[in-house]
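Here's upload.csv, which has CSV, C-alpha atoms and all ligand atoms:
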chain,number,residue,atom,x,y,z
A,1,MET,CA,-25.6,5.4,12.2
A,2,SER,CA,-23.6,5.1,9.0
A,3,ASP,CA,-25.2,2.2,7.2
A,4,SER,CA,-24.7,4.0,4.0
A,5,LEU,CA,-20.9,4.0,4.3
A,6,PRO,CA,-18.9,1.2,2.6
A,7,LEU,CA,-18.2,-1.8,4.8
A,8,LEU,CA,-14.4,-1.3,4.7
A,9,LEU,CA,-14.7,2.3,5.9
A,10,ARG,CA,-17.1,1.4,8.7
A,11,ALA,CA,-14.7,-1.4,9.8
A,12,ALA,CA,-11.7,0.9,9.6
A,13,LEU,CA,-13.5,3.5,11.7
A,14,GLY,CA,-14.0,0.9,14.4
A,15,GLU,CA,-17.7,0.2,14.0
A,16,SER,CA,-18.7,-3.4,14.7
A,17,VAL,CA,-19.4,-5.0,11.3
A,18,GLU,CA,-21.1,-8.1,9.9
A,19,ARG,CA,-17.8,-9.5,8.6
A,20,PRO,CA,-14.2,-8.4,8.0
A,21,PRO,CA,-13.9,-6.4,4.7
A,22,VAL,CA,-11.6,-7.9,2.1
A,23,TRP,CA,-9.2,-6.4,-0.6
A,24,MET,CA,-5.8,-7.3,-1.8
A,25,MET,CA,-2.5,-5.3,-2.1
A,26,ARG,CA,-1.6,-5.1,-5.8
A,27,GLN,CA,-5.1,-6.4,-6.7
A,28,ALA,CA,-4.8,-4.7,-10.1
A,29,GLY,CA,-1.9,-6.0,-12.1
A,30,ARG,CA,0.0,-8.6,-14.0
A,31,TYR,CA,-1.9,-11.7,-12.7
A,32,MET,CA,-5.0,-10.4,-14.6
A,33,GLU,CA,-5.4,-11.1,-18.3
A,34,VAL,CA,-7.3,-7.9,-18.9
A,35,TYR,CA,-4.3,-6.0,-17.4
A,36,ARG,CA,-1.8,-7.8,-19.5
A,37,ASN,CA,-3.8,-7.1,-22.6
A,38,LEU,CA,-4.0,-3.4,-21.7
A,39,ARG,CA,-0.3,-3.4,-21.0
A,40,ASP,CA,0.4,-4.8,-24.5
A,41,ARG,CA,-1.4,-1.8,-25.9
A,42,HIS,CA,0.2,0.7,-23.4
A,43,PRO,CA,3.7,-0.6,-22.6
A,44,SER,CA,4.8,2.4,-20.5
A,45,PHE,CA,4.1,2.1,-16.8
A,46,ARG,CA,4.2,5.9,-16.5
A,47,GLU,CA,1.5,6.2,-19.1
A,48,ARG,CA,-0.7,3.5,-17.5
A,49,SER,CA,-0.5,5.2,-14.1
A,50,GLU,CA,-0.5,8.8,-15.2
A,51,ASN,CA,-3.1,8.9,-17.9
A,52,PRO,CA,-6.4,9.2,-15.9
A,53,ASP,CA,-8.5,7.1,-18.3
A,54,LEU,CA,-6.0,4.2,-18.1
A,55,SER,CA,-5.4,4.5,-14.3
A,56,TYR,CA,-9.2,4.6,-13.8
A,57,GLU,CA,-9.8,1.6,-16.0
A,58,ILE,CA,-7.0,-0.5,-14.4
A,59,SER,CA,-8.2,0.4,-10.9
A,60,MET,CA,-11.7,-0.8,-11.8
A,61,GLN,CA,-10.5,-4.1,-13.4
A,62,PRO,CA,-10.4,-6.1,-10.1
A,63,PHE,CA,-13.6,-4.5,-8.9
A,64,LYS,CA,-15.4,-5.6,-12.0
A,65,ALA,CA,-14.0,-9.1,-11.7
A,66,PHE,CA,-14.3,-9.8,-8.0
A,67,GLU,CA,-16.1,-6.9,-6.2
A,68,PRO,CA,-13.6,-6.5,-3.4
A,69,ASP,CA,-14.6,-4.2,-0.5
A,70,GLY,CA,-11.8,-1.8,-1.4
A,71,VAL,CA,-10.7,-0.3,-4.7
A,72,ILE,CA,-7.2,1.1,-4.6
A,73,LEU,CA,-5.9,3.8,-7.0
A,74,PHE,CA,-3.7,2.3,-9.7
A,75,SER,CA,-0.5,4.2,-9.3
A,76,ASP,CA,2.9,3.7,-7.7
A,77,ILE,CA,4.7,4.9,-4.6
A,78,LEU,CA,7.2,6.6,-7.0
A,79,THR,CA,4.5,8.6,-8.9
A,80,PRO,CA,5.0,11.8,-6.8
A,81,LEU,CA,8.8,11.9,-7.5
A,82,PRO,CA,8.8,13.9,-10.7
A,83,GLY,CA,6.7,16.6,-8.9
A,84,MET,CA,9.7,17.0,-6.6
A,85,GLY,CA,12.2,17.1,-9.4
A,86,ILE,CA,13.2,13.4,-9.5
A,87,ASP,CA,12.6,11.6,-12.8
A,88,PHE,CA,12.0,7.8,-12.8
A,89,ASP,CA,10.9,5.0,-15.0
A,90,ILE,CA,9.7,1.4,-14.3
A,91,VAL,CA,11.4,-1.0,-16.6
A,92,GLU,CA,9.8,-4.4,-17.4
A,93,SER,CA,11.4,-7.2,-15.3
A,94,LYS,CA,14.0,-4.7,-13.8
A,95,GLY,CA,11.7,-2.6,-11.7
A,96,PRO,CA,12.0,1.1,-10.8
A,97,LEU,CA,15.0,3.1,-12.1
A,98,ILE,CA,16.0,6.6,-11.0
A,99,GLN,CA,18.1,8.3,-13.7
A,100,GLU,CA,20.0,10.5,-11.3
A,101,PRO,CA,20.1,9.0,-7.8
A,102,ILE,CA,20.2,11.5,-4.9
A,103,ARG,CA,23.5,11.4,-3.1
A,104,THR,CA,24.5,15.0,-2.1
A,105,GLN,CA,23.2,17.8,0.0
A,106,ALA,CA,23.1,20.1,-3.0
A,107,GLN,CA,20.7,17.7,-4.7
A,108,VAL,CA,18.4,17.5,-1.7
A,109,ASN,CA,18.4,21.3,-1.4
A,110,ALA,CA,17.4,21.5,-5.1
A,111,LEU,CA,14.3,19.3,-4.6
A,112,THR,CA,11.0,21.1,-4.9
A,113,PRO,CA,8.2,20.7,-2.4
A,114,LEU,CA,5.4,18.6,-3.9
A,115,ASN,CA,2.3,20.5,-5.1
A,116,PRO,CA,0.1,17.6,-6.0
A,117,GLU,CA,-2.7,19.8,-7.4
A,118,SER,CA,-0.4,21.1,-10.1
A,119,SER,CA,2.0,18.2,-10.7
A,120,MET,CA,-0.4,15.2,-10.4
A,121,PRO,CA,-3.9,16.4,-11.2
A,122,PHE,CA,-4.6,12.9,-12.8
A,123,VAL,CA,-4.6,11.4,-9.3
A,124,GLY,CA,-7.4,13.7,-8.0
A,125,GLU,CA,-9.4,13.0,-11.2
A,126,VAL,CA,-9.1,9.2,-10.9
A,127,LEU,CA,-10.0,9.2,-7.2
A,128,GLY,CA,-13.1,11.3,-7.9
A,129,ARG,CA,-14.2,9.0,-10.7
A,130,LEU,CA,-13.6,5.9,-8.6
A,131,ARG,CA,-15.8,7.3,-5.8
A,132,GLU,CA,-18.6,8.1,-8.2
A,133,SER,CA,-18.4,4.6,-9.8
A,134,VAL,CA,-18.2,2.4,-6.7
A,135,GLY,CA,-20.6,4.4,-4.5
A,136,ASN,CA,-21.1,2.5,-1.3
A,137,LYS,CA,-20.3,-0.9,-2.7
A,138,ALA,CA,-16.6,-0.4,-1.9
A,139,ALA,CA,-14.3,2.0,-0.1
A,140,VAL,CA,-11.8,4.0,-2.3
A,141,LEU,CA,-8.2,3.6,-1.0
A,142,GLY,CA,-5.4,6.0,-1.5
A,143,PHE,CA,-1.7,5.2,-0.8
A,144,VAL,CA,1.8,6.6,-0.6
A,145,GLY,CA,5.3,5.3,0.0
A,146,ALA,CA,6.8,6.3,3.4
A,147,PRO,CA,9.9,8.5,3.5
A,148,TRP,CA,12.4,5.7,4.3
A,149,THR,CA,11.2,3.5,1.4
A,150,LEU,CA,11.1,6.4,-1.1
A,151,ALA,CA,14.6,7.5,0.1
A,152,ALA,CA,15.8,3.9,-0.4
A,153,TYR,CA,14.7,4.1,-4.1
A,154,VAL,CA,16.1,7.6,-4.9
A,155,VAL,CA,19.4,7.0,-3.1
A,156,GLU,CA,20.1,3.5,-4.4
A,157,GLY,CA,18.6,4.4,-7.8
A,158,LYS,CA,16.9,1.1,-8.1
A,159,SER,CA,15.6,-1.9,-6.1
A,160,SER,CA,18.4,-3.2,-3.9
A,161,LYS,CA,19.3,-6.4,-2.2
A,162,ASN,CA,21.4,-5.1,0.7
A,163,TYR,CA,20.7,-1.3,0.7
A,164,ALA,CA,24.4,-0.6,0.9
A,165,VAL,CA,24.2,2.9,-0.6
A,166,ILE,CA,21.5,4.3,1.7
A,167,LYS,CA,23.1,2.6,4.7
A,168,SER,CA,26.4,4.3,3.9
A,169,MET,CA,24.5,7.5,3.9
A,170,ALA,CA,22.7,6.7,7.1
A,171,PHE,CA,25.9,5.8,9.0
A,172,GLN,CA,28.3,8.3,7.4
A,173,GLU,CA,26.2,11.4,6.7
A,174,PRO,CA,23.0,11.0,8.8
A,175,ASN,CA,22.2,14.7,8.5
A,176,LEU,CA,22.0,14.5,4.7
A,177,LEU,CA,19.7,11.5,4.9
A,178,HIS,CA,17.5,13.3,7.6
A,179,SER,CA,17.1,16.3,5.3
A,180,LEU,CA,15.9,14.1,2.5
A,181,LEU,CA,13.5,12.1,4.8
A,182,ASP,CA,12.1,15.4,6.1
A,183,HIS,CA,11.5,16.7,2.6
A,184,PHE,CA,9.6,13.5,1.8
A,185,ALA,CA,7.6,13.6,5.0
A,186,GLN,CA,6.2,17.1,4.3
A,187,SER,CA,5.5,16.4,0.6
A,188,ILE,CA,4.0,12.9,1.2
A,189,ALA,CA,1.7,14.3,3.9
A,190,ASN,CA,0.5,17.0,1.4
A,191,TYR,CA,0.0,14.3,-1.2
A,192,LEU,CA,-2.1,12.2,1.2
A,193,CYS,CA,-4.2,15.2,2.1
A,194,TYR,CA,-4.8,15.9,-1.6
A,195,GLN,CA,-5.8,12.2,-2.1
A,196,ILE,CA,-8.3,12.5,0.8
A,197,SER,CA,-9.8,15.7,-0.4
A,198,SER,CA,-10.1,14.1,-3.9
A,199,GLY,CA,-12.1,11.1,-2.7
A,200,ALA,CA,-9.8,8.6,-0.9
A,201,GLN,CA,-11.7,7.3,2.2
A,202,VAL,CA,-8.9,5.1,3.7
A,203,VAL,CA,-5.2,5.6,3.1
A,204,GLN,CA,-2.3,3.2,3.3
A,205,MET,CA,1.4,4.1,3.8
A,206,PHE,CA,3.8,1.5,2.4
A,207,ASP,CA,7.2,1.4,4.2
A,208,SER,CA,8.0,-1.7,2.3
A,209,TRP,CA,11.8,-1.6,3.0
A,210,ALA,CA,11.7,-0.5,6.6
A,211,GLY,CA,12.0,-4.1,7.6
A,212,GLN,CA,15.6,-3.9,6.4
A,213,LEU,CA,16.5,-1.7,9.4
A,214,SER,CA,17.5,-2.8,12.9
A,215,PRO,CA,14.9,-1.7,15.4
A,216,ILE,CA,17.3,0.9,16.8
A,217,ASP,CA,17.8,2.4,13.3
A,218,TYR,CA,14.0,2.1,12.5
A,219,ASP,CA,13.5,4.4,15.5
A,220,THR,CA,15.9,6.9,13.9
A,221,PHE,CA,15.3,6.8,10.2
A,222,ALA,CA,11.8,5.3,9.7
A,223,ALA,CA,9.4,5.7,12.6
A,224,PRO,CA,9.8,9.5,13.2
A,225,TYR,CA,9.0,10.2,9.6
A,226,GLN,CA,6.0,7.8,9.4
A,227,LYS,CA,4.8,9.6,12.5
A,228,LYS,CA,5.3,13.0,11.0
A,229,VAL,CA,3.3,12.1,7.9
A,230,ILE,CA,0.5,10.6,10.1
A,231,ASP,CA,0.5,13.7,12.4
A,232,LEU,CA,0.3,16.1,9.5
A,233,VAL,CA,-2.5,14.2,7.8
A,234,LYS,CA,-4.5,13.7,11.1
A,235,ALA,CA,-4.3,17.4,11.8
A,236,LYS,CA,-6.3,18.1,8.6
A,237,HIS,CA,-8.3,14.8,8.3
A,238,PRO,CA,-8.7,13.4,11.8
A,239,ASN,CA,-11.4,11.0,10.7
A,240,THR,CA,-9.7,9.3,7.8
A,241,PRO,CA,-8.4,5.9,8.8
A,242,THR,CA,-4.7,5.2,8.1
A,243,ILE,CA,-3.0,1.8,7.5
A,244,LEU,CA,0.8,1.2,7.8
A,245,TYR,CA,2.5,-1.7,5.9
A,246,ILE,CA,6.1,-2.9,6.3
A,247,SER,CA,7.5,-6.1,4.7
A,248,GLY,CA,9.4,-8.1,7.2
A,249,SER,CA,8.0,-6.2,10.2
A,250,ALA,CA,8.1,-8.9,12.8
A,251,GLY,CA,10.9,-7.2,14.7
A,252,VAL,CA,9.2,-3.8,14.9
A,253,LEU,CA,5.5,-4.6,15.3
A,254,GLU,CA,5.1,-2.9,18.7
A,255,ARG,CA,6.9,0.2,17.3
A,256,MET,CA,4.5,0.3,14.3
A,257,GLY,CA,1.6,0.4,16.7
A,258,GLN,CA,3.1,3.6,18.3
A,259,THR,CA,3.3,5.7,15.1
A,260,GLY,CA,-0.3,6.9,15.4
A,261,VAL,CA,-1.7,4.8,12.6
A,262,ASP,CA,-5.1,3.2,13.0
A,263,ILE,CA,-4.3,-0.1,11.5
A,264,VAL,CA,-1.1,-2.2,11.2
A,265,SER,CA,-0.9,-4.4,8.1
A,266,LEU,CA,0.9,-7.6,9.0
A,267,ASP,CA,3.0,-9.7,6.7
A,268,TRP,CA,2.5,-13.5,6.7
A,269,THR,CA,5.6,-14.3,8.8
A,270,VAL,CA,3.7,-13.3,11.9
A,271,ASP,CA,0.9,-15.5,13.3
A,272,MET,CA,-2.3,-13.3,13.4
A,273,ALA,CA,-2.9,-14.2,17.0
A,274,ASP,CA,0.6,-13.2,18.0
A,275,GLY,CA,0.3,-10.0,16.0
A,276,CYS,CA,-2.9,-9.1,17.8
A,277,ASN,CA,-1.3,-9.8,21.2
A,278,ARG,CA,1.6,-7.5,20.4
A,279,LEU,CA,-0.5,-4.5,19.4
A,280,PRO,CA,-2.7,-2.3,21.7
A,281,LEU,CA,-6.5,-3.0,21.4
A,282,ASN,CA,-7.2,0.3,19.8
A,283,VAL,CA,-4.9,-0.5,16.9
A,284,GLY,CA,-6.6,-2.6,14.2
A,285,VAL,CA,-4.9,-5.3,12.0
A,286,GLN,CA,-4.9,-6.0,8.3
A,287,GLY,CA,-3.7,-9.1,6.5
A,288,ASN,CA,-2.1,-11.5,6.5
A,289,VAL,CA,-2.5,-14.5,4.2
A,290,ASP,CA,0.7,-15.6,2.5
A,291,PRO,CA,0.3,-14.6,-1.2
A,292,GLY,CA,1.8,-18.0,-1.9
A,293,LEU,CA,-1.4,-19.6,-0.6
A,294,LEU,CA,-3.0,-18.5,-3.9
A,295,PHE,CA,-0.9,-21.0,-5.7
A,296,GLY,CA,-2.6,-23.7,-3.6
A,297,THR,CA,-5.9,-25.5,-3.7
A,298,ALA,CA,-9.2,-23.7,-3.0
A,299,GLU,CA,-9.5,-25.7,0.2
A,300,ALA,CA,-6.1,-24.5,1.4
A,301,ILE,CA,-7.0,-20.9,0.6
A,302,ARG,CA,-10.4,-21.2,2.5
A,303,SER,CA,-8.9,-22.9,5.5
A,304,ARG,CA,-6.1,-20.2,5.8
A,305,ILE,CA,-8.7,-17.4,5.6
A,306,LEU,CA,-10.8,-19.1,8.3
A,307,ASP,CA,-7.7,-19.4,10.5
A,308,THR,CA,-6.8,-15.8,10.0
A,309,VAL,CA,-10.3,-14.4,10.6
A,310,LEU,CA,-10.8,-16.5,13.7
A,311,LYS,CA,-7.4,-15.4,15.2
A,312,ALA,CA,-8.3,-11.7,14.6
A,313,LYS,CA,-11.8,-12.0,16.0
A,314,GLY,CA,-12.7,-9.2,18.4
A,315,ARG,CA,-10.3,-6.8,16.7
A,316,LYS,CA,-10.8,-4.3,14.0
A,317,HIS,CA,-9.7,-6.5,11.0
A,318,ILE,CA,-9.4,-6.0,7.3
A,319,LEU,CA,-8.7,-9.3,5.5
A,320,ASN,CA,-5.9,-9.0,3.0
A,321,LEU,CA,-2.7,-10.8,1.9
A,322,GLY,CA,0.5,-10.4,3.8
A,323,HIS,CA,2.0,-8.6,0.7
A,324,GLY,CA,1.0,-7.9,-2.9
A,325,ILE,CA,-0.5,-10.7,-5.0
A,326,LEU,CA,2.2,-12.3,-7.0
A,327,PRO,CA,2.5,-12.3,-10.8
A,328,GLY,CA,1.5,-15.7,-12.2
A,329,THR,CA,-1.2,-16.2,-9.5
A,330,PRO,CA,-4.2,-18.1,-11.2
A,331,GLU,CA,-7.1,-15.6,-11.5
A,332,LYS,CA,-9.5,-18.3,-10.3
A,333,ASN,CA,-7.6,-18.4,-7.0
A,334,ALA,CA,-8.0,-14.7,-6.5
A,335,GLN,CA,-11.7,-15.3,-7.1
A,336,VAL,CA,-11.7,-18.0,-4.4
A,337,PHE,CA,-9.9,-15.7,-2.0
A,338,PHE,CA,-12.5,-12.9,-2.4
A,339,GLU,CA,-15.5,-15.3,-2.4
A,340,ALA,CA,-14.3,-17.1,0.7
A,341,GLY,CA,-13.5,-13.8,2.4
A,342,LYS,CA,-17.0,-12.5,1.7
A,343,SER,CA,-18.7,-15.6,2.9
A,344,VAL,CA,-16.5,-16.2,5.9
A,345,ASP,CA,-19.5,-16.5,8.3
A,346,GLU,CA,-20.6,-19.6,6.3
A,347,LEU,CA,-17.0,-21.0,6.5
A,348,ILE,CA,-17.1,-20.5,10.3
A,349,ARG,CA,-20.5,-22.2,10.6
A,350,THR,CA,-19.6,-25.2,8.5
A,351,SER,CA,-16.2,-25.7,10.2
A,352,THR,CA,-17.7,-26.1,13.7
B,1,LIG,O1,-2.3,-2.3,-4.9
B,1,LIG,C1,-2.6,-1.9,-6.1
B,1,LIG,O2,-3.3,-2.6,-6.9
B,1,LIG,C2,-2.2,-0.5,-6.5
B,1,LIG,C3,-1.1,-0.5,-7.3
B,1,LIG,C4,0.3,-0.4,-6.8
B,1,LIG,C5,1.4,-0.5,-7.6
B,1,LIG,N1,2.6,-0.3,-6.9
B,1,LIG,C6,1.4,-0.8,-9.1
B,1,LIG,C7,2.5,-1.4,-9.7
B,1,LIG,C8,0.8,-0.1,-5.5
B,1,LIG,C9,0.1,0.0,-4.2
B,1,LIG,C10,2.2,-0.1,-5.6
B,1,LIG,C11,3.1,0.2,-4.5
B,1,LIG,C12,4.5,0.0,-4.6
B,1,LIG,N2,5.4,0.2,-5.6
B,1,LIG,C13,5.3,-0.5,-3.5
B,1,LIG,C14,4.8,-0.8,-2.1
B,1,LIG,C15,4.1,-2.1,-2.1
B,1,LIG,C16,5.0,-3.3,-2.0
B,1,LIG,O3,5.0,-4.1,-2.9
B,1,LIG,O4,5.8,-3.4,-1.0
B,1,LIG,C17,6.7,-0.6,-4.0
B,1,LIG,C18,7.8,-1.0,-3.2
B,1,LIG,C19,6.7,-0.1,-5.3
B,1,LIG,C20,7.9,0.1,-6.2
B,1,LIG,C21,7.7,-0.8,-7.4
B,1,LIG,N3,6.9,-0.5,-8.5
B,1,LIG,C22,8.2,-2.1,-7.6
B,1,LIG,C23,9.1,-2.9,-6.6
B,1,LIG,C24,7.6,-2.6,-8.8
B,1,LIG,C25,7.8,-4.0,-9.4
B,1,LIG,C26,8.8,-4.1,-10.4
B,1,LIG,C27,8.6,-5.4,-11.2
B,1,LIG,O5,8.8,-5.4,-12.4
B,1,LIG,O6,8.2,-6.4,-10.5
B,1,LIG,C28,6.8,-1.6,-9.3
B,1,LIG,C29,6.1,-1.6,-10.6
B,1,LIG,C30,4.6,-1.8,-10.4
B,1,LIG,N4,3.8,-1.0,-9.6
B,1,LIG,C31,3.8,-2.8,-11.0
B,1,LIG,C32,2.5,-2.6,-10.6
B,1,LIG,C33,1.3,-3.3,-11.0
B,1,LIG,C34,4.4,-3.9,-11.9
B,1,LIG,C35,4.8,-3.4,-13.2
B,1,LIG,C36,3.7,-3.6,-14.3
B,1,LIG,O7,2.6,-3.9,-14.1
B,1,LIG,O8,4.1,-3.3,-15.5
What does the file become when written as structure tokens?
Ligand code: CP3
Amino acid sequence: MSDSLPLLLRAALGESVERPPVWMMRQAGRYMEVYRNLRDRHPSFRERSENPDLSYEISMQPFKAFEPDGVILFSDILTPLPGMGIDFDIVESKGPLIQEPIRTQAQVNALTPLNPESSMPFVGEVLGRLRESVGNKAAVLGFVGAPWTLAAYVVEGKSSKNYAVIKSMAFQEPNLLHSLLDHFAQSIANYLCYQISSGAQVVQMFDSWAGQLSPIDYDTFAAPYQKKVIDLVKAKHPNTPTILYISGSAGVLERMGQTGVDIVSLDWTVDMADGCNRLPLNVGVQGNVDPGLLFGTAEAIRSRILDTVLKAKGRKHILNLGHGILPGTPEKNAQVFFEAGKSVDELIRTST
């Protein structure tokens, strides 16, 4: 019925498909020479992600090199922050920096609700151009950071090892943290709706640092806000598939399956067969090859793809890594990953 839709979208919608679609988290970035060359010419991350010509060009780099089944907007989970009144920068080899971390109720009260049309028109422009360029050869993916992970950055002020500042807030002033999480949930839902009406066909929410929470605290500080974002988005766009990724999610997999998302993105510390057994049949899976495999031989990469795809057989499955591709990964191994993913039927035939 929908032969003209891209494979990844058909798979995410639950249609039975000829093979699992394949893309990679962080598929545009430092492991690619064309990206590093462009970065030399445009050293500011904010410029690369907020100038629509650059963001478009970078988003297309992996598509031109490998033709993955999904093309993800080149941006960052922090990109909406300035539109809410929080300035940030991404500093080479240090990561994200928030100039004035959010620590008080007065600061939360002063945040502005995100109006993506006016504060980040470049995102809508890039998504529209991507859709036009890739047509039905690939699905265009949008993404956001989930409220807990965004809060972790703005409260800590930077990447953190032990999350001591946000955990002090969680366990000393929970109402303050809840007001921040609620602000983000509303704004992030608006932002996802804007991405979808601008051309994103599938959207992924990254709650990268929710794996730092005990399950009982995940139920308080992460899951309700993931669910709120998903509910608000589904109310406007019921047919757009949603994916949820958490790094270190093995302790909360069942809970992820109850947030209303269509697909749970597994990291590589969970065996794909176990992951499938722990999620209801109507929830799909994405993943979950260890990004470290791409430092291995072509044979090792192929055999792990085969193992992963066979274990997910019978499920809605999008082949991906278990987290972003690592800087320093040989580009030819990314090529092997995509080629093997796209010819997995042949791998299955020759392995039996
Ligand atoms: O997947 C893609 O290709 C889309 C691009 C994308 C980026 N960031 C570009 C980027 C996506 C989906 C993200 C999401 C993101 N950003 C997450 C969630 C995914 C995850 O990894 O868990 C998180 C936690 C962030 C915050 C962030 N931004 C970090 C931790 C860093 C790395 C800092 C460093 O120096 O290693 C960034 C910067 C960033 N965002 C880079 C890229 C390609 C690297 C900086 C650069 O290329 O100059």
Site check for ligand LIG 1 (chain B): residues at most 6 Å away, all atoms listed in the file, as number ranges by chain: A: 25-30, 45, 72-77, 90, 92-96, 206, 208, 324
Among the residues A:Thr220, A:Thr297, A:Ser49, A:Thr352, the one that comes closest to Leu310 (chain A) [using all atoms listed in the file]: A:Thr352
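Across the model, the gap from CA of Ala185 (chain A) to CA of Ala12 (chain A) is 23.6 Å.
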Polymer residues at most 8 Å from region 153-155 of chain A, only C-alpha atoms, same-chain spacing of 4 or more positions, as a VMD selection string: chain A and resid 86 96 98 101 to 103 149 159 165 to 166
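Taking CA of Lys234 (chain A) as the reference point, CA of Asp262 (chain A) is found at 10.7 Å.
Shortest atom-to-atom contact with Asn239 (chain A) among A:Ile196, A:Gly83, A:Asp207, A:Lys332: A:Ile196, counting all atoms listed in the file.
Note that CA of Gly322 (chain A) and CA of Val202 (chain A) are 18.1 Å apart.
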